[in-house]
Structures are given as structure tokens and as C-alpha cells.
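So this one's start_8.pdb, PDB, C-alpha atoms:
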```pdb
ATOM      1  CA  MET A  11      27.953  48.861  15.946  1.00  0.00           C
ATOM      2  CA  GLN A  12      30.825  47.349  13.936  1.00  0.00           C
ATOM      3  CA  ILE A  13      31.873  45.263  16.925  1.00  0.00           C
ATOM      4  CA  GLN A  14      28.328  43.929  17.290  1.00  0.00           C
ATOM      5  CA  ALA A  15      28.202  43.028  13.595  1.00  0.00           C
ATOM      6  CA  LEU A  16      31.601  41.336  13.778  1.00  0.00           C
ATOM      7  CA  LEU A  17      30.546  39.424  16.892  1.00  0.00           C
ATOM      8  CA  PHE A  18      27.293  38.363  15.214  1.00  0.00           C
ATOM      9  CA  PHE A  19      29.050  37.025  12.112  1.00  0.00           C
ATOM     10  CA  THR A  20      31.770  35.379  14.194  1.00  0.00           C
ATOM     11  CA  LEU A  21      29.147  33.497  16.196  1.00  0.00           C
ATOM     12  CA  ALA A  22      26.597  32.933  13.420  1.00  0.00           C
ATOM     13  CA  LEU A  23      28.921  31.702  10.686  1.00  0.00           C
ATOM     14  CA  PRO A  24      29.891  28.415  12.367  1.00  0.00           C
ATOM     15  CA  VAL A  25      26.224  27.707  13.111  1.00  0.00           C
ATOM     16  CA  ALA A  26      25.233  28.478   9.535  1.00  0.00           C
ATOM     17  CA  LEU A  27      28.004  26.251   8.217  1.00  0.00           C
ATOM     18  CA  ALA A  28      26.980  23.437  10.570  1.00  0.00           C
ATOM     19  CA  CYS A  29      23.404  23.691   9.319  1.00  0.00           C
ATOM     20  CA  ALA A  30      24.492  23.553   5.704  1.00  0.00           C
ATOM     21  CA  ALA A  31      25.240  19.822   5.556  1.00  0.00           C
ATOM     22  CA  GLU A  32      24.687  18.353   2.113  1.00  0.00           C
ATOM     23  CA  PRO A  33      24.022  14.702   1.283  1.00  0.00           C
ATOM     24  CA  VAL A  34      26.910  12.691  -0.122  1.00  0.00           C
ATOM     25  CA  THR A  35      24.427  10.944  -2.435  1.00  0.00           C
ATOM     26  CA  ASP A  36      23.019  12.606  -5.531  1.00  0.00           C
ATOM     27  CA  GLY A  37      19.488  13.970  -5.796  1.00  0.00           C
ATOM     28  CA  GLY A  38      18.159  10.929  -7.641  1.00  0.00           C
ATOM     29  CA  SER A  39      19.446   8.344  -5.192  1.00  0.00           C
ATOM     30  CA  PRO A  40      16.803   6.202  -3.446  1.00  0.00           C
ATOM     31  CA  ILE A  41      18.754   6.580  -0.194  1.00  0.00           C
ATOM     32  CA  VAL A  42      19.822   9.969   1.174  1.00  0.00           C
ATOM     33  CA  VAL A  43      23.163   9.737   3.021  1.00  0.00           C
ATOM     34  CA  TYR A  44      24.909  12.385   5.092  1.00  0.00           C
ATOM     35  CA  GLN A  45      28.493  12.120   6.333  1.00  0.00           C
ATOM     36  CA  SER A  46      29.915  13.678   9.475  1.00  0.00           C
ATOM     37  CA  ASP A  47      33.229  13.592  11.299  1.00  0.00           C
ATOM     38  CA  GLY A  48      31.316  13.837  14.584  1.00  0.00           C
ATOM     39  CA  ASP A  49      31.323  11.180  17.292  1.00  0.00           C
ATOM     40  CA  TYR A  50      28.861   8.317  16.728  1.00  0.00           C
ATOM     41  CA  GLU A  51      27.307   8.463  20.203  1.00  0.00           C
ATOM     42  CA  ASP A  52      26.959  12.261  20.099  1.00  0.00           C
ATOM     43  CA  ILE A  53      25.233  12.161  16.731  1.00  0.00           C
ATOM     44  CA  LYS A  54      22.980   9.302  17.857  1.00  0.00           C
ATOM     45  CA  SER A  55      21.991  11.271  20.942  1.00  0.00           C
ATOM     46  CA  ASN A  56      21.300  14.326  18.769  1.00  0.00           C
ATOM     47  CA  LEU A  57      19.232  12.138  16.426  1.00  0.00           C
ATOM     48  CA  GLU A  58      17.110  10.851  19.298  1.00  0.00           C
ATOM     49  CA  LEU A  59      16.570  14.406  20.562  1.00  0.00           C
ATOM     50  CA  ALA A  60      15.714  15.688  17.076  1.00  0.00           C
ATOM     51  CA  ILE A  61      13.028  13.008  16.704  1.00  0.00           C
ATOM     52  CA  THR A  62      11.509  13.278  20.171  1.00  0.00           C
ATOM     53  CA  GLY A  63      11.789  17.066  20.122  1.00  0.00           C
ATOM     54  CA  ARG A  64       9.287  17.036  17.272  1.00  0.00           C
ATOM     55  CA  GLY A  65       6.790  15.166  19.444  1.00  0.00           C
ATOM     56  CA  MET A  66       7.435  11.738  17.928  1.00  0.00           C
ATOM     57  CA  VAL A  67       8.243   8.553  19.814  1.00  0.00           C
ATOM     58  CA  ILE A  68      11.085   6.224  18.851  1.00  0.00           C
ATOM     59  CA  THR A  69       9.262   2.899  18.795  1.00  0.00           C
ATOM     60  CA  ASN A  70      12.219   0.659  18.078  1.00  0.00           C
ATOM     61  CA  THR A  71      15.980   0.689  17.685  1.00  0.00           C
ATOM     62  CA  LEU A  72      17.355  -1.985  15.412  1.00  0.00           C
ATOM     63  CA  HIS A  73      20.898  -2.932  16.435  1.00  0.00           C
ATOM     64  CA  ILE A  74      22.121  -3.917  12.981  1.00  0.00           C
ATOM     65  CA  SER A  75      25.847  -4.213  13.692  1.00  0.00           C
ATOM     66  CA  GLU A  76      25.261  -6.282  16.837  1.00  0.00           C
ATOM     67  CA  MET A  77      22.959  -8.660  14.947  1.00  0.00           C
ATOM     68  CA  LEU A  78      25.443  -9.104  12.113  1.00  0.00           C
ATOM     69  CA  ASP A  79      28.358  -9.596  14.522  1.00  0.00           C
ATOM     70  CA  ARG A  80      26.386 -12.073  16.626  1.00  0.00           C
ATOM     71  CA  THR A  81      25.314 -14.228  13.663  1.00  0.00           C
ATOM     72  CA  ALA A  82      28.416 -13.931  11.463  1.00  0.00           C
ATOM     73  CA  ALA A  83      30.036 -17.210  12.522  1.00  0.00           C
ATOM     74  CA  ASP A  84      26.806 -19.204  12.114  1.00  0.00           C
ATOM     75  CA  THR A  85      25.924 -17.740   8.726  1.00  0.00           C
ATOM     76  CA  GLY A  86      29.359 -17.629   7.092  1.00  0.00           C
ATOM     77  CA  LEU A  87      29.463 -13.835   6.870  1.00  0.00           C
ATOM     78  CA  GLU A  88      33.149 -13.078   6.681  1.00  0.00           C
ATOM     79  CA  LYS A  89      33.502  -9.330   6.212  1.00  0.00           C
ATOM     80  CA  ARG A  90      32.598  -7.053   9.082  1.00  0.00           C
ATOM     81  CA  LEU A  91      30.522  -4.267   7.526  1.00  0.00           C
ATOM     82  CA  TYR A  92      29.970  -1.908  10.462  1.00  0.00           C
ATOM     83  CA  GLU A  93      31.743  -0.667  13.554  1.00  0.00           C
ATOM     84  CA  HIS A  94      28.344   0.556  14.741  1.00  0.00           C
ATOM     85  CA  ALA A  95      25.022   0.484  12.912  1.00  0.00           C
ATOM     86  CA  GLU A  96      21.536   1.160  14.192  1.00  0.00           C
ATOM     87  CA  SER A  97      18.214   2.123  12.661  1.00  0.00           C
ATOM     88  CA  LEU A  98      15.745   4.186  14.658  1.00  0.00           C
ATOM     89  CA  GLU A  99      12.061   3.690  13.880  1.00  0.00           C
ATOM     90  CA  PHE A 100       9.504   6.354  14.728  1.00  0.00           C
ATOM     91  CA  CYS A 101       6.160   7.665  13.567  1.00  0.00           C
ATOM     92  CA  SER A 102       4.539  10.977  12.787  1.00  0.00           C
ATOM     93  CA  ILE A 103       0.747  10.754  12.940  1.00  0.00           C
ATOM     94  CA  GLN A 104       0.476  13.827  10.712  1.00  0.00           C
ATOM     95  CA  MET A 105       2.743  12.308   8.048  1.00  0.00           C
ATOM     96  CA  SER A 106       1.029   8.908   8.300  1.00  0.00           C
ATOM     97  CA  TYR A 107      -2.300  10.580   7.679  1.00  0.00           C
ATOM     98  CA  ARG A 108      -1.011  12.616   4.709  1.00  0.00           C
ATOM     99  CA  MET A 109       0.671   9.573   3.150  1.00  0.00           C
ATOM    100  CA  SER A 110      -2.441   7.411   3.584  1.00  0.00           C
ATOM    101  CA  LEU A 111      -4.677  10.170   2.272  1.00  0.00           C
ATOM    102  CA  ALA A 112      -2.658  10.141  -0.969  1.00  0.00           C
ATOM    103  CA  HIS A 113      -3.091   6.341  -1.240  1.00  0.00           C
ATOM    104  CA  PRO A 114      -3.963   3.744   1.435  1.00  0.00           C
ATOM    105  CA  ALA A 115      -1.014   1.498   0.445  1.00  0.00           C
ATOM    106  CA  ASN A 116       1.441   4.223   1.435  1.00  0.00           C
ATOM    107  CA  LEU A 117       1.153   2.915   4.999  1.00  0.00           C
ATOM    108  CA  ALA A 118       3.902   0.510   3.885  1.00  0.00           C
ATOM    109  CA  SER A 119       6.286   3.452   4.366  1.00  0.00           C
ATOM    110  CA  CYS A 120       5.605   3.432   8.113  1.00  0.00           C
ATOM    111  CA  PRO A 121       7.363   3.439  10.456  1.00  0.00           C
ATOM    112  CA  LEU A 122       9.806   6.115   9.399  1.00  0.00           C
ATOM    113  CA  THR A 123      13.437   5.080   9.746  1.00  0.00           C
ATOM    114  CA  ILE A 124      16.745   6.902   9.984  1.00  0.00           C
ATOM    115  CA  SER A 125      19.906   4.817  10.152  1.00  0.00           C
ATOM    116  CA  ILE A 126      23.214   5.762  11.716  1.00  0.00           C
ATOM    117  CA  TYR A 127      26.427   3.861  11.068  1.00  0.00           C
ATOM    118  CA  ARG A 128      30.223   3.751  11.034  1.00  0.00           C
ATOM    119  CA  THR A 129      32.277   1.377   8.941  1.00  0.00           C
ATOM    120  CA  PRO A 130      35.612  -0.304   9.751  1.00  0.00           C
ATOM    121  CA  ASP A 131      37.013   1.075   6.479  1.00  0.00           C
ATOM    122  CA  ASP A 132      36.103   4.665   7.432  1.00  0.00           C
ATOM    123  CA  PRO A 133      36.166   4.893  11.240  1.00  0.00           C
ATOM    124  CA  GLY A 134      36.536   8.676  11.221  1.00  0.00           C
ATOM    125  CA  HIS A 135      33.088   9.304   9.785  1.00  0.00           C
ATOM    126  CA  THR A 136      29.557   8.722  11.006  1.00  0.00           C
ATOM    127  CA  TYR A 137      26.796   8.407   8.424  1.00  0.00           C
ATOM    128  CA  LEU A 138      23.077   9.105   8.656  1.00  0.00           C
ATOM    129  CA  ALA A 139      20.772   7.647   6.004  1.00  0.00           C
ATOM    130  CA  PHE A 140      17.075   7.513   5.158  1.00  0.00           C
ATOM    131  CA  ARG A 141      14.927   6.310   2.271  1.00  0.00           C
ATOM    132  CA  ARG A 142      13.818   9.001  -0.156  1.00  0.00           C
ATOM    133  CA  PRO A 143      10.000   8.963   0.029  1.00  0.00           C
ATOM    134  CA  GLN A 144       8.097   7.739  -3.000  1.00  0.00           C
ATOM    135  CA  PHE A 145       4.339   7.363  -2.664  1.00  0.00           C
ATOM    136  CA  LEU A 146       1.444   6.045  -4.688  1.00  0.00           C
ATOM    137  CA  GLY A 147      -1.457   8.247  -5.668  1.00  0.00           C
ATOM    138  CA  GLU A 148      -1.377  11.999  -5.379  1.00  0.00           C
ATOM    139  CA  GLY A 149       1.505  11.839  -2.923  1.00  0.00           C
ATOM    140  CA  THR A 150       3.839  14.515  -4.267  1.00  0.00           C
ATOM    141  CA  ALA A 151       3.042  17.012  -1.501  1.00  0.00           C
ATOM    142  CA  ALA A 152       3.367  14.284   1.151  1.00  0.00           C
ATOM    143  CA  GLU A 153       6.695  13.155  -0.354  1.00  0.00           C
ATOM    144  CA  THR A 154       8.006  16.702  -0.177  1.00  0.00           C
ATOM    145  CA  ALA A 155       6.785  17.193   3.387  1.00  0.00           C
ATOM    146  CA  LEU A 156       8.259  13.890   4.544  1.00  0.00           C
ATOM    147  CA  SER A 157      11.580  14.627   2.809  1.00  0.00           C
ATOM    148  CA  GLU A 158      11.701  17.976   4.599  1.00  0.00           C
ATOM    149  CA  LEU A 159      10.887  16.327   7.953  1.00  0.00           C
ATOM    150  CA  LEU A 160      13.566  13.637   7.607  1.00  0.00           C
ATOM    151  CA  ASP A 161      16.126  16.105   6.276  1.00  0.00           C
ATOM    152  CA  GLY A 162      15.371  18.515   9.127  1.00  0.00           C
ATOM    153  CA  ILE A 163      15.895  15.748  11.688  1.00  0.00           C
ATOM    154  CA  VAL A 164      19.237  14.807  10.107  1.00  0.00           C
ATOM    155  CA  GLN A 165      20.360  18.452   9.831  1.00  0.00           C
ATOM    156  CA  GLU A 166      19.588  18.985  13.530  1.00  0.00           C
ATOM    157  CA  SER A 167      21.451  15.773  14.411  1.00  0.00           C
ATOM    158  CA  LEU A 168      24.568  17.046  12.682  1.00  0.00           C
ATOM    159  CA  GLU A 169      24.584  20.494  14.346  1.00  0.00           C
TER
END
```

For the file at hand, write its structure as C-alpha cells.
Amino acid sequence: MQIQALLFFTLALPVALACAAEPVTDGGSPIVVYQSDGDYEDIKSNLELAITGRGMVITNTLHISEMLDRTAADTGLEKRLYEHAESLEFCSIQMSYRMSLAHPANLASCPLTISIYRTPDDPGHTYLAFRRPQFLGEGTAAETALSELLDGIVQESLE
């Protein structure tokens, strides 16, 4: 019995610690940011799986770093901001309905977006970021539900 308990805690502790990621931004920040020392491509793949595994479709991937790199010379942008940066857009019909039920203008929060990036100044870390939901009308329950959805996707991406 003791061996089983030891084995359980030996295997479960790393998983529990991996699931316990905390944002690097404070609770009042308009953007929620998580930091990881994981590989960019691995985390991006995990992010895609976490979104599609919830039955949602990624409708667009914005290649932010490529766009900035491509236009830098023509626009006079001197400092390279990202090694890699992409934003994944997706939609949850359930969340869209709940947000719009609270107030029709909340559709401006669609599509949902989670960004992933690495910076030249910090190449050992990959960051995931999303906007903290704030809705019009009686949207408090929808804000909480959407925050939990986005946070759950990010937590799964970092496992």
C-alpha cells in the first residue's frame, strides 16, 4: 500500500505542478499572460489541440512576427519585437450566445483570440496571452465562463 501511495504521488506531483501555472500579470491586468520555458512549436501544437479538443475550430492564424519582419524596412520599424508571434482566432458558439445574451454589442469580443510569442530579448521563454473578458450588460457570468474557458485552454497548452 505504501509503495502504491509513493508511486501515485511520484507520478501525480509533476502533473499537478504542471497544471498549476499562474499568470505573470496581476489580476487586474487587461491582458492575461503566462510564461513557459517550453518549446514554442510544442506549446503552439498543444494550444491548437486544446482549442480543437473542445470542439472549436481555429478560423484564422495571424502571423504577427512574419508581418512585422516583412514590412519593417518599408515602414521604418527598427527594433525586432518577436522571434515568433502568432494569434489564433477561434469561436465557441456557446460563449458567443452567452455574451450576446448579456448584451448584443458583446459580439465585438468575437472571435476569441489567444496569442503565443517569443521575444529576442527572452528567447528561453514562450508566452501565451489573451484579453481578460469585459462585457456590457449583465455579462458577469459570461465573463467568468469565458475567463475559465480561455484559462483552461492555456493551462492545457502548458502541460

Residues within 12 Å of Ala155 of chain A, only C-alpha atoms, excluding chain neighbours under 5 positions, as a PyMOL selection string: chain A and resi 102+104-106+108-109+142-145+149-150+160-162

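Separating atom CA of Leu111 of chain A from atom CA of Gln165 of chain A is a distance of 27.4 Å.
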
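Listed by chain and then by number, the residues chosen by the PyMOL selection byres ((chain A and resi 89) around 12) in this file are Ser75, Leu78, Asp79, Ala82, Ala83, Thr85, Gly86, Leu87, Glu88, Arg90, Leu91, Tyr92, Glu93, Thr129, Pro130 and Asp131 of chain A.
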
Residue IDs satisfying the PyMOL selection byres ((chain A and resi 39) around 12), as a PyMOL selection string: chain A and resi 33-38+40-43+139-144

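Taking atom CA of Asp49 of chain A and atom CA of Glu99 of chain A as endpoints, the distance between them is 20.9 Å.
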
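Taking atom CA of Glu32 of chain A and atom CA of Glu169 of chain A as endpoints, the distance between them is 12.4 Å.
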
Could you write out as AutoDock Vina command-line options the box around segment 115-134 of chain A (axis-aligned, all atoms listed in the file, 6 Å on each side), with centre and edge lengths in Å to one decimal?
```
--center_x 18.0 --center_y 4.2 --center_z 6.1 --size_x 50.0 --size_y 21.0 --size_z 23.3
```

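Using all atoms listed in the file for every distance, the candidate list A:Ala151, A:Ile126, A:Met77, A:Ala118 yields A:Ile126 as the residue closest to Ser97 of chain A.
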
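Within 7 Å of Ile163 of chain A, once all atoms listed in the file are used and residues closer than 5 positions along the same chain are dropped, the contacting residues are Leu57, Ala60 and Ile61 of chain A.
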
Selection dump of the PyMOL selection byres ((chain A and resi 51) around 12), as a PyMOL selection string: chain A and resi 47-50+52-58+94-96+126-128+135-137+167-168
